[in-house]
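A.B. asks: Supplied structure: my_file_23.txt, compact mmCIF, C-alpha atoms.
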# COMPACT_ATOMS: atom_id res chain seq x y z
CA MET A 1 63.60 -52.13 12.75
CA PHE A 2 62.04 -50.56 9.65
CA LYS A 3 61.78 -54.01 8.02
CA ARG A 4 59.93 -55.39 11.08
CA ILE A 5 57.36 -52.58 10.90
CA LEU A 6 56.72 -53.28 7.20
CA LEU A 7 56.32 -57.00 7.95
CA LEU A 8 53.76 -56.30 10.70
CA LEU A 9 51.78 -54.00 8.42
CA ALA A 10 51.72 -56.66 5.73
CA LEU A 11 50.25 -59.18 8.19
CA VAL A 12 47.69 -56.88 9.84
CA THR A 13 46.17 -55.35 6.67
CA PRO A 14 44.42 -58.53 5.31
CA VAL A 15 43.04 -59.38 8.76
CA ALA A 16 41.61 -55.89 9.21
CA SER A 17 40.10 -55.97 5.74
CA PHE A 18 38.34 -59.31 6.42
CA ALA A 19 37.11 -58.04 9.83
CA GLN A 20 35.52 -54.99 8.19
CA GLN A 21 33.34 -57.14 5.91
CA SER A 22 29.66 -56.90 6.91
CA PRO A 23 28.10 -60.24 7.89
CA SER A 24 25.36 -59.57 5.39
CA THR A 25 27.88 -59.27 2.53
CA SER A 26 29.96 -62.27 3.50
CA PRO A 27 29.97 -64.77 0.60
CA PHE A 28 29.59 -67.66 3.05
CA ARG A 29 26.56 -66.13 4.77
CA LYS A 30 24.99 -65.30 1.40
CA SER A 31 25.42 -68.91 0.33
CA VAL A 32 23.80 -70.22 3.54
CA ALA A 33 20.90 -67.79 3.21
CA HIS A 34 20.36 -68.83 -0.40
CA VAL A 35 20.28 -72.53 0.51
CA LYS A 36 17.80 -71.90 3.33
CA ALA A 37 15.51 -69.88 1.05
CA ALA A 38 15.61 -72.58 -1.61
CA ALA A 39 14.81 -75.27 0.96
CA LEU A 40 11.81 -73.31 2.23
CA ALA A 41 10.56 -72.79 -1.31
CA ARG A 42 10.70 -76.54 -1.90
CA GLN A 43 8.67 -77.36 1.21
CA PRO A 44 5.21 -78.61 0.19
CA GLY A 45 2.22 -76.68 1.53
CA THR A 46 -0.23 -78.13 4.01
CA PRO A 47 -2.98 -79.93 2.10
CA THR A 48 -6.46 -78.40 2.46
CA PRO A 49 -9.28 -80.85 3.23
CA GLY A 50 -11.97 -80.83 0.59
CA PRO A 51 -14.63 -82.90 -1.14
CA ILE A 52 -13.78 -86.17 -2.84
CA THR A 53 -14.73 -86.12 -6.50
CA LEU A 54 -15.54 -89.60 -7.75
CA PRO A 55 -15.47 -90.84 -11.36
CA GLY A 56 -17.80 -88.96 -13.69
CA VAL A 57 -17.34 -85.51 -12.17
CA VAL A 58 -14.52 -83.09 -12.96
CA ASN A 59 -15.05 -80.44 -10.31
CA GLY A 60 -17.10 -80.65 -7.15
CA PRO A 61 -18.56 -77.86 -5.02
CA ASN A 62 -17.06 -76.79 -1.71
CA ALA A 63 -18.96 -76.90 1.56
CA SER A 64 -18.33 -74.99 4.77
CA PRO A 65 -17.77 -77.08 7.92
CA HIS A 66 -18.96 -74.07 9.91
CA ARG A 67 -22.45 -74.03 8.36
CA THR A 68 -25.30 -76.49 8.78
CA ILE A 69 -26.50 -78.98 6.21
CA ILE A 70 -29.42 -76.83 5.09
CA GLU A 71 -27.23 -73.72 4.89
CA ASN A 72 -24.69 -75.56 2.74
CA LEU A 73 -27.45 -76.87 0.50
CA GLU A 74 -28.62 -73.29 -0.02
CA ASP A 75 -25.08 -71.99 -0.57
CA LEU A 76 -24.25 -74.72 -3.09
CA GLY A 77 -27.41 -74.14 -5.12
CA PHE A 78 -29.39 -77.33 -4.51
CA LYS A 79 -32.61 -75.41 -5.10
CA ALA A 80 -34.96 -78.30 -5.78
CA PHE A 81 -33.91 -80.18 -2.65
CA VAL A 82 -34.05 -77.08 -0.43
CA GLN A 83 -37.49 -76.04 -1.68
CA SER A 84 -38.72 -79.59 -1.21
CA ALA A 85 -37.26 -79.73 2.31
CA GLU A 86 -39.12 -76.53 3.20
CA ARG A 87 -42.43 -77.99 2.00
CA ALA A 88 -41.75 -81.34 3.69
CA VAL A 89 -40.95 -79.58 7.00
CA LEU A 90 -37.41 -80.99 7.09
CA VAL A 91 -35.48 -77.73 7.41
CA GLN A 92 -35.44 -77.72 11.21
CA ARG A 93 -34.09 -81.24 11.27
CA LEU A 94 -31.30 -80.44 8.82
CA GLN A 95 -30.20 -77.36 10.71
CA GLY A 96 -30.28 -79.00 14.15
CA SER A 97 -27.32 -80.28 16.13
CA SER A 98 -28.00 -84.00 15.61
CA PRO A 99 -25.71 -85.50 12.95
CA HIS A 100 -27.15 -86.54 9.59
CA THR A 101 -25.90 -87.68 6.23
CA VAL A 102 -27.80 -86.41 3.20
CA PHE A 103 -27.48 -88.13 -0.15
CA VAL A 104 -28.66 -85.15 -2.11
CA PRO A 105 -29.79 -85.36 -5.74
CA GLY A 106 -28.74 -82.32 -7.74
CA ASP A 107 -31.21 -80.17 -9.66
CA ALA A 108 -30.33 -82.10 -12.83
CA ALA A 109 -31.41 -85.30 -11.10
CA PHE A 110 -34.77 -83.78 -10.07
CA ALA A 111 -35.22 -82.59 -13.66
CA GLN A 112 -35.24 -86.24 -14.75
CA LEU A 113 -38.47 -86.86 -12.85
CA PRO A 114 -41.61 -87.06 -15.00
CA ALA A 115 -42.94 -83.65 -16.04
CA GLY A 116 -44.99 -82.06 -13.26
CA ALA A 117 -44.09 -84.75 -10.71
CA LEU A 118 -42.27 -82.38 -8.35
CA ASP A 119 -44.96 -79.70 -8.60
CA GLU A 120 -47.51 -82.35 -7.64
CA LEU A 121 -45.44 -83.43 -4.64
CA TRP A 122 -45.13 -79.82 -3.51
CA LYS A 123 -48.89 -79.56 -2.97
CA PRO A 124 -49.81 -79.49 0.75
CA ALA A 125 -52.03 -82.54 0.30
CA ASN A 126 -48.99 -84.58 -0.77
CA ARG A 127 -46.65 -83.53 2.03
CA ALA A 128 -46.40 -87.06 3.42
CA GLN A 129 -45.28 -88.40 0.04
CA LEU A 130 -42.74 -85.60 -0.33
CA TYR A 131 -41.40 -86.32 3.17
CA ALA A 132 -41.07 -90.02 2.28
CA LEU A 133 -39.19 -89.15 -0.92
CA LEU A 134 -36.69 -86.78 0.69
CA GLY A 135 -36.42 -88.81 3.88
CA ALA A 136 -35.26 -91.80 1.84
CA HIS A 137 -32.11 -89.77 1.13
CA ILE A 138 -31.35 -88.87 4.75
CA VAL A 139 -29.57 -91.13 7.26
CA PRO A 140 -29.39 -90.16 10.96
CA LEU A 141 -25.63 -90.78 11.14
CA ASN A 142 -22.58 -88.81 10.06
CA LEU A 143 -21.09 -90.97 7.31
CA ARG A 144 -18.04 -90.16 5.23
CA GLU A 145 -17.25 -91.84 1.94
CA ALA A 146 -14.84 -94.19 3.73
CA ASP A 147 -17.73 -95.41 5.93
CA LEU A 148 -19.76 -96.54 2.90
CA SER A 149 -18.39 -100.04 2.67
CA HIS A 150 -19.54 -102.51 0.03
CA GLY A 151 -22.69 -104.34 1.12
CA ARG A 152 -23.50 -102.00 4.01
CA VAL A 153 -27.21 -101.36 4.55
CA LEU A 154 -28.25 -97.91 5.71
CA ARG A 155 -31.54 -97.11 7.40
CA THR A 156 -32.97 -93.70 6.58
CA ILE A 157 -35.11 -91.41 8.79
CA THR A 158 -38.25 -92.89 7.17
CA GLY A 159 -37.17 -96.45 7.98
CA ALA A 160 -36.42 -97.20 4.34
CA LYS A 161 -33.21 -99.05 3.55
CA LEU A 162 -30.39 -98.18 1.17
CA GLN A 163 -27.76 -100.70 0.20
CA VAL A 164 -24.23 -99.61 -0.65
CA SER A 165 -22.20 -101.18 -3.42
CA ARG A 166 -18.76 -100.24 -4.73
CA SER A 167 -17.41 -101.00 -8.17
CA GLY A 168 -14.66 -99.46 -10.27
CA GLY A 169 -14.25 -96.56 -7.88
CA ASN A 170 -17.96 -95.75 -7.90
CA VAL A 171 -20.22 -95.78 -4.84
CA VAL A 172 -23.77 -96.79 -5.72
CA LEU A 173 -26.89 -96.70 -3.54
CA THR A 174 -29.82 -99.01 -4.23
CA ASP A 175 -33.24 -98.40 -2.68
CA GLU A 176 -35.80 -101.02 -1.71
CA ALA A 177 -37.42 -100.87 -5.15
CA GLY A 178 -34.11 -101.59 -6.86
CA ARG A 179 -33.55 -98.04 -8.14
CA GLN A 180 -29.94 -96.94 -8.15
CA ALA A 181 -28.05 -93.68 -7.82
CA THR A 182 -24.31 -93.05 -8.00
CA ILE A 183 -22.43 -90.68 -5.73
CA SER A 184 -20.72 -88.10 -7.93
CA THR A 185 -19.20 -85.95 -5.19
CA ALA A 186 -18.58 -87.17 -1.64
CA ASP A 187 -17.62 -85.72 1.73
CA LEU A 188 -19.09 -82.23 1.61
CA VAL A 189 -18.68 -81.62 5.33
CA ALA A 190 -21.15 -79.46 7.26
CA SER A 191 -21.21 -78.56 10.96
CA ASN A 192 -23.90 -81.15 11.65
CA GLY A 193 -23.17 -83.87 9.13
CA THR A 194 -22.05 -84.71 5.63
CA LEU A 195 -23.45 -84.31 2.12
CA HIS A 196 -22.93 -86.68 -0.80
CA VAL A 197 -24.22 -85.67 -4.23
CA LEU A 198 -26.29 -88.19 -6.26
CA ASP A 199 -26.92 -88.34 -9.97
CA GLN A 200 -30.45 -89.75 -9.56
CA VAL A 201 -33.46 -89.37 -7.27
CA LEU A 202 -34.16 -92.49 -5.22
CA ALA A 203 -37.51 -93.75 -3.89
CA ARG A 204 -39.36 -91.98 -6.73
Using structure tokens, write down the structure from this file.
C.D. replies:
Amino acid sequence: MFKRILLLLALVTPVASFAQQSPSTSPFRKSVAHVKAAALARQPGTPTPGPITLPGVVNGPNASPHRTIIENLEDLGFKAFVQSAERAVLVQRLQGSSPHTVFVPGDAAFAQLPAGALDELWKPANRAQLYALLGAHIVPLNLREADLSHGRVLRTITGAKLQVSRSGGNVVLTDEAGRQATISTADLVASNGTLHVLDQVLAR
């Protein structure tokens, strides 16, 4: 009888000891938790949409899709274009709900104009010329970089034409006088259209 009791105790003790182990300290559960954590850490994050930087530019600006074209131009520091748009009475158009694409020359591009040329265009008497210059960079469609196919001809708000060409990863616009400008940063998305940054002023 005494031997049977000892045998039962020997069998019950390991089972009770295993049952008392907390699930959180179980080696098996720890291993599973570790594998799950490692798997989650390896999961790639969701890519964030942003501008497309084309050859020749290292870092591009970021636009807000919740702000209008003119607001983004102000936020991104395109001072020469914004000040010119104000004098050419184009601000209302660029903050309206109708979609537009603006091929915007940066301040460095405007600085390449002949000395005093922009100041002359800013005079009230030359408003029509200033409108024609800026308007030659604005298309009344919402065009992304992928829409700018080689050979496509775009008609601007002034009626002037721009021809698109693609070569070596570059997107180049040519105006009616044969002047060319290259898109350095594409797809800056606004609430009412898209901005593409140019390295030259067209229609000058």
A.B. asks: So which residues touch Leu76 of chain A within 10 Å, counting all atoms listed in the file, skipping near sequence neighbours fewer than 4 positions away, as a PyMOL selection string?
C.D. replies: chain A and resi 61-64+70-72+106
A.B. asks: Using all atoms listed in the file, which protein or nucleic acid residues come within 12 Å of Arg127 of chain A? Drop anything in the same chain fewer than 4 positions from it, and give the result as a CSV table (one decimal) with C-alpha atoms, in the coordinates of the input.
C.D. replies:
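Result written to around35.csv:
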chain,number,residue,atom,x,y,z
A,84,SER,CA,-38.7,-79.6,-1.2
A,85,ALA,CA,-37.3,-79.7,2.3
A,86,GLU,CA,-39.1,-76.5,3.2
A,87,ARG,CA,-42.4,-78.0,2.0
A,88,ALA,CA,-41.8,-81.3,3.7
A,89,VAL,CA,-41.0,-79.6,7.0
A,90,LEU,CA,-37.4,-81.0,7.1
A,118,LEU,CA,-42.3,-82.4,-8.4
A,119,ASP,CA,-45.0,-79.7,-8.6
A,120,GLU,CA,-47.5,-82.4,-7.6
A,121,LEU,CA,-45.4,-83.4,-4.6
A,122,TRP,CA,-45.1,-79.8,-3.5
A,123,LYS,CA,-48.9,-79.6,-3.0
A,131,TYR,CA,-41.4,-86.3,3.2
A,132,ALA,CA,-41.1,-90.0,2.3
A,133,LEU,CA,-39.2,-89.2,-0.9
A,134,LEU,CA,-36.7,-86.8,0.7
A,135,GLY,CA,-36.4,-88.8,3.9
A.B. asks: Hey, what's within 10 Å of segment 165-179 of chain A if we count all atoms listed in the file and toss same-chain stuff fewer than 2 positions away? As a PyMOL selection string, please?
C.D. replies: chain A and resi 54-56+103+136-137+145+148-154+160-163+181-186+198-204
A.B. asks: Just give me the gap between atom CA of Ala128 of chain A and atom CA of Thr68 of chain A in Å, one decimal is fine.
C.D. replies: 24.2 Å
A.B. asks: What is the atom CA of Ile157 of chain A to atom CA of Thr194 of chain A distance in Å?
C.D. replies: 15.0 Å
A.B. asks: Between A:Val139, A:Ala80, A:Leu113, A:Ala125, which one has atoms that come closest to Thr101 of chain A, using only C-alpha atoms?
C.D. replies: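 Looking at the shortest contact to Thr101 of chain A, the residue is A:Val139.
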A.B. asks: Rank A:Phe81, A:Val102, A:Gln112, A:Asp107 by their smallest atom-to-atom distance to Gly193 of chain A, using all atoms listed in the file, and report the top residue only.
C.D. replies: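 Using all atoms listed in the file, the shortest distance to Gly193 of chain A belongs to A:Val102.
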A.B. asks: From the list A:Gln180, A:Asn192, A:Asn142, A:Gln129, which residue is nearest Thr158 of chain A when using only C-alpha atoms?
C.D. replies: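 Closest candidate: A:Gln129.
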A.B. asks: Find the distance between atom CA of Ile138 of chain A and atom CA of Val104 of chain A and write it in Å to one decimal.
C.D. replies: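 Pair atom CA of Ile138 of chain A / atom CA of Val104 of chain A returns 8.3 Å.
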A.B. asks: Select, from A:Leu130, A:Ile69, A:Ala146, A:Leu195, the residue with the minimum atom-to-atom distance to Ser98 of chain A, counting all atoms listed in the file.
C.D. replies: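 Looking only at the distances to Ser98 of chain A, the closest residue turns out to be A:Ile69.
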A.B. asks: Ranking A:Leu143, A:His66, A:Pro99, A:Val164 by minimum distance to His196 of chain A and counting all atoms listed in the file, which one comes first?
C.D. replies: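 The answer is A:Leu143, which sits nearest to His196 of chain A.
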